[in-house]
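One file, entry-v7.txt, carrying compact mmCIF, C-alpha atoms:
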# COMPACT_ATOMS: atom_id res chain seq x y z
CA MET A 161 -62.93 -27.29 -189.56
CA LEU A 162 -59.65 -27.42 -191.37
CA SER A 163 -58.35 -24.28 -192.94
CA SER A 164 -58.29 -24.94 -196.68
CA SER A 165 -56.18 -21.91 -197.43
CA GLY A 166 -53.29 -22.60 -195.07
CA LEU A 167 -50.99 -24.34 -197.50
CA LEU A 168 -51.93 -22.06 -200.38
CA ASP A 169 -51.17 -19.02 -198.26
CA LEU A 170 -47.83 -20.45 -197.31
CA ALA A 171 -46.97 -21.28 -200.90
CA GLU A 172 -47.95 -17.83 -202.09
CA GLU A 173 -46.12 -15.98 -199.37
CA SER A 174 -43.00 -18.05 -199.70
CA GLU A 175 -42.53 -17.30 -203.40
CA GLU A 176 -40.01 -14.55 -202.93
CA PHE A 177 -38.12 -16.48 -200.30
CA PHE A 178 -38.13 -19.61 -202.43
CA ASP A 179 -36.76 -17.80 -205.46
CA LEU A 180 -34.11 -16.18 -203.40
CA TYR A 181 -32.87 -19.39 -201.92
CA PHE A 182 -33.63 -21.97 -204.57
CA GLY A 183 -34.00 -19.96 -207.77
CA ASP A 184 -31.43 -18.30 -209.97
CA GLY A 185 -29.65 -16.61 -207.14
CA ALA A 186 -29.25 -19.67 -205.00
CA ASP A 187 -25.89 -20.78 -206.37
CA GLU A 188 -24.47 -17.34 -205.92
CA LEU A 189 -25.69 -17.19 -202.36
CA GLN A 190 -24.42 -20.61 -201.49
CA LEU A 191 -21.03 -19.85 -202.87
CA ASP A 192 -20.83 -16.56 -201.05
CA GLY A 193 -22.18 -17.37 -197.69
CA GLY A 194 -22.69 -19.72 -194.86
CA ASP A 195 -19.09 -20.41 -194.04
CA GLU A 196 -19.37 -18.75 -190.69
CA TYR A 197 -22.29 -20.95 -189.68
CA LYS A 198 -20.89 -24.09 -191.28
CA ASP A 199 -17.59 -23.63 -189.52
CA LEU A 200 -19.20 -23.48 -186.11
CA PRO A 201 -18.76 -26.74 -184.21
CA GLU A 202 -21.73 -29.06 -183.87
CA HIS A 203 -23.01 -29.63 -180.37
CA PRO A 204 -25.30 -32.34 -178.96
CA LEU A 205 -27.73 -29.64 -177.80
CA ASP A 206 -28.02 -28.00 -181.24
CA ASP A 207 -31.60 -29.20 -181.61
CA ALA A 208 -32.55 -28.83 -177.96
CA TRP A 209 -34.47 -25.57 -178.34
CA HIS A 210 -36.76 -26.44 -175.44
CA PHE A 211 -33.71 -26.24 -173.24
CA VAL A 212 -32.91 -22.75 -174.54
CA ARG A 213 -36.51 -21.61 -174.29
CA TYR A 214 -36.65 -22.71 -170.72
CA HIS A 215 -33.52 -20.81 -169.77
CA PHE A 216 -34.62 -17.66 -171.52
CA LEU A 217 -38.08 -17.59 -170.10
CA MET A 218 -37.52 -19.01 -166.65
CA ASP A 219 -34.16 -17.41 -165.87
CA LEU A 220 -32.72 -20.53 -164.28
CA MET B 178 -15.87 -55.52 -153.35
CA THR B 179 -16.04 -57.68 -156.46
CA SER B 180 -19.68 -58.48 -155.82
CA LEU B 181 -20.50 -54.78 -155.64
CA ILE B 182 -19.10 -54.31 -159.10
CA ARG B 183 -20.70 -57.43 -160.53
CA CYS B 184 -24.19 -56.52 -159.44
CA HIS B 185 -23.98 -52.98 -160.81
CA VAL B 186 -24.89 -51.64 -157.44
CA LEU B 187 -24.79 -47.97 -158.40
CA ILE B 188 -27.23 -48.53 -161.24
CA HIS B 189 -29.60 -50.35 -158.91
CA ALA B 190 -29.19 -47.66 -156.28
CA VAL B 191 -30.13 -44.91 -158.73
CA MET B 192 -33.04 -46.92 -160.14
CA ASN B 193 -34.35 -47.33 -156.59
CA GLY B 194 -34.06 -43.69 -155.64
CA LEU B 195 -30.86 -43.77 -153.60
CA THR B 196 -29.37 -40.66 -155.09
CA SER B 197 -27.72 -38.64 -152.34
CA GLU B 198 -24.00 -38.14 -151.99
CA ALA B 199 -24.20 -40.02 -148.67
CA HIS B 200 -25.66 -43.16 -150.25
CA LEU B 201 -23.78 -43.18 -153.54
CA GLY B 202 -20.53 -42.03 -151.91
CA LEU B 203 -20.73 -44.87 -149.40
CA LEU B 204 -21.15 -47.40 -152.20
CA VAL B 205 -18.15 -45.96 -154.04
CA ARG B 206 -16.06 -46.12 -150.87
CA LEU B 207 -17.10 -49.76 -150.52
CA GLY B 208 -15.76 -50.48 -153.97
CA ALA B 209 -18.48 -49.66 -156.47
CA SER B 210 -17.19 -47.89 -159.57
CA PRO B 211 -19.05 -44.86 -161.02
CA SER B 212 -18.01 -46.12 -164.46
CA ASP B 213 -19.45 -49.60 -163.94
CA ALA B 214 -21.65 -50.59 -166.89
CA ASP B 215 -24.28 -53.30 -167.32
CA GLU B 216 -24.53 -55.75 -170.21
CA PHE B 217 -25.90 -52.97 -172.42
CA GLY B 218 -22.98 -50.74 -171.63
CA GLN B 219 -25.18 -48.44 -169.60
CA THR B 220 -23.85 -46.79 -166.47
CA ALA B 221 -25.62 -45.26 -163.51
CA LEU B 222 -25.50 -41.93 -165.38
CA HIS B 223 -27.41 -43.52 -168.26
CA ALA B 224 -29.96 -44.69 -165.71
CA THR B 225 -30.74 -41.12 -164.65
CA ALA B 226 -32.15 -40.43 -168.12
CA GLN B 227 -34.87 -43.03 -167.58
CA PHE B 228 -36.60 -40.78 -165.07
CA ILE B 229 -37.50 -38.02 -167.52
CA GLY B 230 -41.27 -38.03 -167.70
CA HIS B 231 -41.72 -39.51 -164.23
CA GLN B 232 -43.17 -37.72 -161.21
CA LYS B 233 -41.53 -34.46 -160.17
CA ALA B 234 -39.90 -35.90 -157.03
CA THR B 235 -38.39 -38.73 -159.07
CA ARG B 236 -37.11 -36.29 -161.69
CA GLU B 237 -35.52 -34.21 -158.95
CA SER B 238 -33.83 -37.35 -157.61
CA ALA B 239 -32.41 -38.05 -161.05
CA VAL B 240 -30.81 -34.60 -161.14
CA VAL B 241 -29.31 -35.14 -157.69
CA ALA B 242 -28.02 -38.56 -158.76
CA ALA B 243 -26.42 -37.20 -161.94
CA ASN B 244 -24.65 -34.38 -160.13
CA THR B 245 -23.54 -36.74 -157.36
CA LEU B 246 -22.22 -39.36 -159.79
CA VAL B 247 -20.30 -36.75 -161.79
CA GLY B 248 -18.86 -35.48 -158.52
CA LEU B 249 -17.79 -39.03 -157.70
CA GLY B 250 -15.94 -39.29 -161.00
CA ALA B 251 -18.49 -40.81 -163.38
CA SER B 252 -17.70 -40.09 -167.03
CA CYS B 253 -20.24 -38.25 -169.18
CA SER B 254 -18.53 -39.49 -172.34
CA VAL B 255 -19.01 -43.25 -171.93
CA LYS B 256 -21.24 -44.79 -174.60
CA ASP B 257 -23.60 -47.74 -174.27
CA VAL B 258 -23.85 -50.54 -176.84
CA TYR B 259 -26.22 -48.34 -178.88
CA GLY B 260 -23.58 -45.63 -179.08
CA HIS B 261 -25.39 -43.24 -176.76
CA THR B 262 -23.77 -41.18 -174.04
CA PRO B 263 -25.89 -40.42 -170.95
CA LEU B 264 -26.64 -36.99 -172.46
CA GLU B 265 -27.84 -38.55 -175.70
CA SER B 266 -30.01 -40.98 -173.75
CA ALA B 267 -31.59 -38.05 -171.92
CA LEU B 268 -32.17 -36.15 -175.17
CA LYS B 269 -33.80 -39.24 -176.64
CA GLN B 270 -36.14 -39.47 -173.66
CA ILE B 271 -37.02 -35.77 -173.92
CA ARG B 272 -37.81 -36.15 -177.64
CA HIS B 273 -39.92 -39.18 -176.84
CA PHE B 274 -42.09 -37.27 -174.39
CA ALA B 275 -42.28 -34.22 -176.65
CA ASP B 276 -43.54 -36.46 -179.47
CA PHE B 277 -46.07 -37.96 -177.09
CA ASP B 278 -47.32 -34.49 -176.19
CA GLY B 279 -47.64 -33.55 -179.83
CA ALA B 280 -49.26 -36.79 -180.95
CA PHE B 281 -51.90 -36.85 -178.27
CA GLY B 282 -52.82 -33.19 -178.25
CA GLY B 283 -51.29 -32.45 -174.92
CA LEU B 284 -49.23 -29.43 -174.14
CA LYS B 285 -48.13 -27.35 -177.06
CA ALA B 286 -44.72 -27.50 -175.54
CA ARG B 287 -42.95 -25.28 -178.02
CA HIS B 288 -44.80 -22.19 -176.99
CA TRP B 289 -44.36 -20.25 -173.86
CA GLN B 290 -46.85 -20.87 -171.13
CA PRO B 291 -46.88 -18.69 -168.03
CA GLY B 292 -45.61 -20.46 -164.95
CA ARG B 293 -44.84 -23.72 -166.68
CA ASP B 294 -41.95 -25.44 -164.98
CA ASP B 295 -42.60 -29.12 -165.60
CA GLU B 296 -39.50 -29.37 -167.76
CA LYS B 297 -37.14 -27.83 -165.24
CA GLU B 298 -35.59 -31.08 -164.05
CA ALA B 299 -35.13 -32.40 -167.58
CA TYR B 300 -33.00 -29.39 -168.46
CA GLU B 301 -31.09 -29.48 -165.20
CA LEU B 302 -30.31 -33.10 -166.01
CA LEU B 303 -29.03 -32.13 -169.45
CA LEU B 304 -26.73 -29.59 -167.82
CA ALA B 305 -25.45 -32.22 -165.37
CA LEU B 306 -24.75 -34.68 -168.19
CA LEU B 307 -22.68 -32.33 -170.36
CA ASP B 308 -19.01 -33.16 -170.39
CA PRO B 309 -16.67 -30.26 -169.57
CA THR B 310 -15.90 -29.52 -173.23
CA GLN B 311 -19.56 -29.47 -174.21
CA ARG B 312 -20.38 -27.27 -171.27
CA ALA B 313 -17.57 -24.85 -172.04
CA ALA B 314 -18.81 -24.51 -175.63
CA LEU B 315 -22.19 -23.10 -174.58
CA VAL B 316 -22.50 -19.38 -175.20
CA PHE B 317 -23.76 -17.63 -172.06
CA GLY B 318 -24.00 -21.14 -170.58
CA VAL B 319 -27.15 -21.85 -172.59
CA LEU B 320 -26.82 -21.54 -176.38
CA THR B 321 -24.75 -23.78 -178.61
CA PRO B 322 -22.57 -21.83 -181.06
CA ARG B 323 -24.95 -22.62 -183.94
CA GLN B 324 -28.02 -21.69 -181.92
CA ASN B 325 -26.37 -18.43 -180.96
CA HIS B 326 -25.63 -17.68 -184.61
CA ARG B 327 -29.22 -18.34 -185.64
CA LEU B 328 -30.69 -16.34 -182.83
CA ARG B 329 -28.34 -13.41 -183.39
CA PHE B 330 -29.42 -13.28 -187.03
CA TYR B 331 -33.05 -12.91 -186.01
CA THR B 332 -32.52 -10.54 -183.09
CA GLU B 333 -30.59 -8.24 -185.41
CA THR B 334 -32.88 -8.41 -188.43
CA LYS B 335 -36.13 -8.20 -186.48
CA GLY B 336 -34.78 -5.41 -184.29
CA ASP B 337 -33.79 -3.41 -187.38
CA MET B 338 -37.00 -4.19 -189.22
CA ALA B 339 -39.07 -3.13 -186.24
CA ARG B 340 -37.41 0.26 -186.14
CA ASP B 341 -37.35 0.85 -189.90
CA ALA B 342 -40.89 -0.33 -190.61
CA ALA B 343 -42.68 1.33 -187.71
CA PRO B 344 -46.18 2.23 -188.97
CA GLU B 345 -47.43 5.80 -188.96
CA PHE B 346 -50.40 6.69 -186.81
CA GLN B 347 -52.70 9.69 -186.78
CA SER B 348 -52.83 11.32 -183.38
CA ARG B 349 -54.87 9.26 -180.91
CA THR B 350 -56.36 7.18 -183.70
CA PRO B 351 -56.01 3.40 -183.46
CA LEU B 352 -55.36 1.18 -186.47
CA PRO B 353 -56.67 -2.32 -187.15
CA SER B 354 -54.52 -4.84 -185.37
CA GLU B 355 -54.45 -7.13 -188.39
CA ASP B 356 -52.71 -4.40 -190.42
CA MET B 357 -49.74 -4.68 -188.08
CA GLU B 358 -49.08 -8.28 -189.07
CA TRP B 359 -47.50 -7.14 -192.32
CA GLN B 360 -45.57 -4.25 -190.85
CA VAL B 361 -44.50 -5.12 -187.34
CA PRO B 362 -42.22 -8.13 -186.79
CA LEU B 363 -43.55 -11.02 -184.70
CA TRP B 364 -46.86 -9.24 -184.18
CA ASP B 365 -48.81 -12.51 -184.26
CA TYR B 366 -46.87 -13.75 -181.24
CA ILE B 367 -48.85 -11.31 -179.12
CA PRO B 368 -52.01 -13.20 -178.16
CA GLN B 369 -55.15 -12.01 -179.91
CA SER B 370 -56.76 -11.26 -176.56
CA VAL B 371 -53.94 -8.82 -175.77
CA ARG B 372 -53.50 -7.05 -179.10
CA GLY B 373 -57.28 -6.82 -179.70
CA GLU B 374 -58.99 -5.62 -182.87
CA GLU B 375 -57.53 -2.13 -182.83
CA VAL B 376 -54.22 -0.90 -181.49
CA TYR B 377 -52.84 2.44 -180.47
CA LYS B 378 -49.46 3.77 -181.45
CA SER B 379 -48.14 3.49 -177.89
CA PHE B 380 -48.76 -0.25 -177.78
CA VAL B 381 -47.18 -0.91 -181.18
CA TYR B 382 -44.17 1.28 -180.42
CA GLY B 383 -43.83 -0.40 -177.03
CA TRP B 384 -43.56 -3.75 -178.82
CA ILE B 385 -41.03 -2.30 -181.26
CA GLN B 386 -38.94 -1.12 -178.33
CA VAL B 387 -38.99 -4.62 -176.86
CA LEU B 388 -37.52 -5.97 -180.11
CA GLU B 389 -34.93 -3.19 -180.15
CA ALA B 390 -34.00 -3.95 -176.54
CA ILE B 391 -33.50 -7.63 -177.33
CA LYS B 392 -31.20 -6.72 -180.18
CA GLU B 393 -29.29 -4.29 -177.99
CA ILE B 394 -28.71 -6.99 -175.35
CA HIS B 395 -27.79 -9.87 -177.63
CA SER B 396 -25.95 -7.85 -180.25
CA PRO B 397 -25.02 -4.46 -178.78
CA GLN B 398 -24.25 -1.53 -181.07
CA ASP B 399 -21.11 -0.83 -179.10
CA SER B 400 -19.87 -4.29 -178.21
CA ALA B 401 -16.54 -2.87 -177.02
CA ARG B 402 -18.30 -1.16 -174.13
CA HIS B 403 -21.22 -3.52 -173.59
CA ALA B 404 -20.67 -7.25 -173.81
CA PRO B 405 -23.37 -9.26 -175.54
CA ALA B 406 -25.60 -11.10 -173.10
CA LEU B 407 -28.50 -13.50 -172.97
CA PRO B 408 -31.78 -11.65 -173.61
CA THR B 409 -33.71 -13.14 -170.74
CA VAL B 410 -36.93 -11.67 -169.42
CA ASP B 411 -35.08 -9.89 -166.61
CA ALA B 412 -32.37 -8.55 -168.90
CA ILE B 413 -34.88 -7.15 -171.40
CA THR B 414 -37.02 -5.56 -168.72
CA ARG B 415 -33.93 -4.00 -167.16
CA GLU B 416 -32.74 -2.72 -170.52
CA LEU B 417 -36.11 -1.08 -171.21
CA VAL B 418 -36.21 0.59 -167.83
CA GLN B 419 -32.58 1.58 -167.34
CA GLY B 420 -31.33 1.22 -170.89
CA ARG B 421 -28.44 3.09 -172.37
CA TYR B 422 -30.39 3.07 -175.62
CA ARG B 423 -32.98 5.79 -176.08
CA TYR B 424 -36.33 4.25 -175.18
CA ASP B 425 -39.52 6.22 -174.75
CA HIS B 426 -40.88 5.10 -171.42
CA ARG B 427 -44.38 6.25 -172.31
CA TYR B 428 -44.59 3.53 -174.95
CA THR B 429 -43.00 0.90 -172.73
CA ASP B 430 -45.36 1.69 -169.85
CA PHE B 431 -48.43 1.64 -172.10
CA PHE B 432 -47.37 -1.68 -173.61
CA PHE B 433 -46.91 -3.37 -170.23
CA ARG B 434 -50.02 -1.81 -168.71
CA ASN B 435 -52.10 -3.26 -171.51
CA GLY B 436 -50.96 -6.84 -171.19
CA GLY B 437 -47.79 -6.75 -173.26
CA LYS B 438 -44.98 -9.10 -172.23
CA VAL B 439 -41.41 -9.46 -173.38
CA GLU B 440 -41.96 -13.22 -173.27
CA TYR B 441 -44.00 -13.02 -176.49
CA ALA B 442 -41.02 -11.58 -178.35
CA ILE B 443 -38.58 -14.14 -176.97
CA ASP B 444 -40.99 -16.90 -177.90
CA GLY B 445 -41.24 -15.64 -181.47
CA LEU B 446 -37.50 -15.19 -181.95
CA LEU B 447 -36.78 -18.66 -180.60
CA ASP B 448 -39.43 -20.09 -182.93
CA LEU B 449 -37.83 -18.45 -185.94
CA ALA B 450 -34.37 -19.61 -184.93
CA GLU B 451 -35.60 -23.14 -184.28
CA GLU B 452 -37.70 -23.56 -187.39
CA SER B 453 -35.14 -22.30 -189.87
CA GLU B 454 -33.55 -25.29 -191.49
CA ASP B 455 -29.84 -25.77 -191.71
CA LEU B 456 -29.92 -24.97 -195.40
CA GLU B 457 -31.05 -21.45 -194.72
CA TRP B 458 -28.11 -21.00 -192.45
CA LEU B 459 -25.66 -22.31 -194.92
CA ILE B 460 -26.74 -19.56 -197.28
CA ALA B 461 -27.71 -16.82 -194.88
CA ALA B 462 -24.37 -15.64 -193.65
CA ASP B 463 -24.85 -12.06 -192.65
CA ASP B 464 -22.91 -10.11 -195.22
CA SER B 465 -23.49 -12.31 -198.24
CA LEU B 466 -27.27 -12.17 -197.97
CA ILE B 467 -27.28 -8.41 -197.68
CA ALA B 468 -24.82 -8.10 -200.56
CA PHE B 469 -26.97 -10.38 -202.68
CA LEU B 470 -30.10 -8.36 -201.96
CA ILE B 471 -28.32 -5.15 -202.89
CA ARG B 472 -27.05 -6.64 -206.13
CA SER B 473 -30.52 -7.97 -206.94
CA ALA B 474 -32.26 -4.66 -206.32

The structure in this file should be written as structure tokens.
Amino acid sequence: MLSSSGLLDLAEESEEFFDLYFGDGADELQLDGGDEYKDLPEHPLDDAWHFVRYHFLMDL
Amino acid sequence: MTSLIRCHVLIHAVMNGLTSEAHLGLLVRLGASPSDADEFGQTALHATAQFIGHQKATRESAVVAANTLVGLGASCSVKDVYGHTPLESALKQIRHFADFDGAFGGLKARHWQPGRDDEKEAYELLLALLDPTQRAALVFGVLTPRQNHRLRFYTETKGDMARDAAPEFQSRTPLPSEDMEWQVPLWDYIPQSVRGEEVYKSFVYGWIQVLEAIKEIHSPQDSARHAPALPTVDAITRELVQGRYRYDHRYTDFFFRNGGKVEYAIDGLLDLAEESEDLEWLIAADDSLIAFLIRSA
């Protein structure tokens, strides 16, 4: 049986996070931050989290 | 010699399982070029990507072939007519099989499963197909710079939260396990069968110490004396047992004796780092977020 409350729970719990990132304070945050991350070079393995997980957990 | 080049002999050799240095090296000495491409611009290195998802022995052959070809001078940067390097072809294949798993209810690949090693060759192939610049950019040989940034954010915040929000227990009195979900970071990454309905302080504090140990390894308090390192299972276990940080071994022992594993914490941290969208990271630079929260308080 599908959980009917899953999405509602998520929406409710994410309120504070949503306001913080997309509400009144969002512009201020975006202006202040993120440069460090944005300035990091992109890499073809950026989305390859399976690769990372494997190395962490299997100690290749 | 010309005929060897025209018939793309190295590609055919790889596709037919001739992957050793002896075989491929002989063909190169006879005139075959490791950079030879077919009508789609694909080289023998591109061909290795086609074996992801095949039987284990075939996957192992692909890894041998890739390493051999690179050793013979094949370029990892050459692109086919679709604009894909061999690495990108391999990533595409991996995504294809991951989607297949997800769509047909197969392995829930994202989550840690004890003893699972069916992806080993795929990742060894990725390593073989990285060009020297891409390889040199990996932090600790594993994380891309952006992945490292994301993961460091979570190892630091969850490590701090775990210590600061440690719940209070009455002596020898367990608390409902579900109460921990709101207080103890990543609690729901411990399987239900392990954490049970009620938990004792020693188990919860053992888990908290695991999170603190991960933070101490990946983002040490005194980075001048202790270099940051990859928080692997071995590294975390070693840190908890021999750590320079003050861990209470009674909690650690109780946690491990009752089914606790550091793998659960790694799994959770990697999930958080993976699932956070780029946008969050564009706005979640360490100092600015904290400054904003202070100003908003």

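Distances to chain A were evaluated for B:Phe228, B:Phe217, B:Phe330, B:Tyr382 using only C-alpha atoms, and the minimum falls at B:Phe330.
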
Between atom CA of Ser210 of chain B and atom CA of Thr310 of chain B, distance in Å (one decimal): 22.9 Å

Distance of atom CA of Val381 of chain B from atom CA of Gly437 of chain B, expressed in Å to one decimal place: 9.9 Å

Two-atom distance - atom CA of Gly436 of chain B, atom CA of Val371 of chain B (Å):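 Between atom CA of Gly436 of chain B and atom CA of Val371 of chain B the gap works out to 5.8 Å.
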
Which residues are close to segment 339-346 of chain B, i.e. within 9 Å by all atoms listed in the file, leaving aside same-chain residues fewer than 5 positions away? Reply as an MDAnalysis selection string. chainID B and resid 334 351:352 357 360:362 377:378 381:382 384:386 388:389

Find the spatial neighbours of segment 186-198 of chain B, counting all atoms listed in the file, within a cut-off of 12 Å - ignore same-chain residues fewer than 5 positions away - and output them as a ChimeraX atom specification. /B:178-181,203-216,218-228,234-249,251

When distances are computed from all atoms listed in the file, which of B:Gly383, B:Gly250, B:Pro397, B:Pro322 shows the smallest separation from Asp199 of chain A?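 Closest to Asp199 of chain A of all the choices is B:Pro322.
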
Smallest atom-to-atom distance to chain A: which of B:Ser252, B:Gln369, B:Thr350, B:Ser266, using all atoms listed in the file?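 Counting all atoms listed in the file, the residue closest to chain A is B:Ser266.
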
Excluding same-chain residues fewer than 3 positions from Glu202 of chain A, what lies within 12 Å of it counting only C-alpha atoms, as a ChimeraX atom specification? /A:197-199,205-207 /B:311,314-315,320-325,455
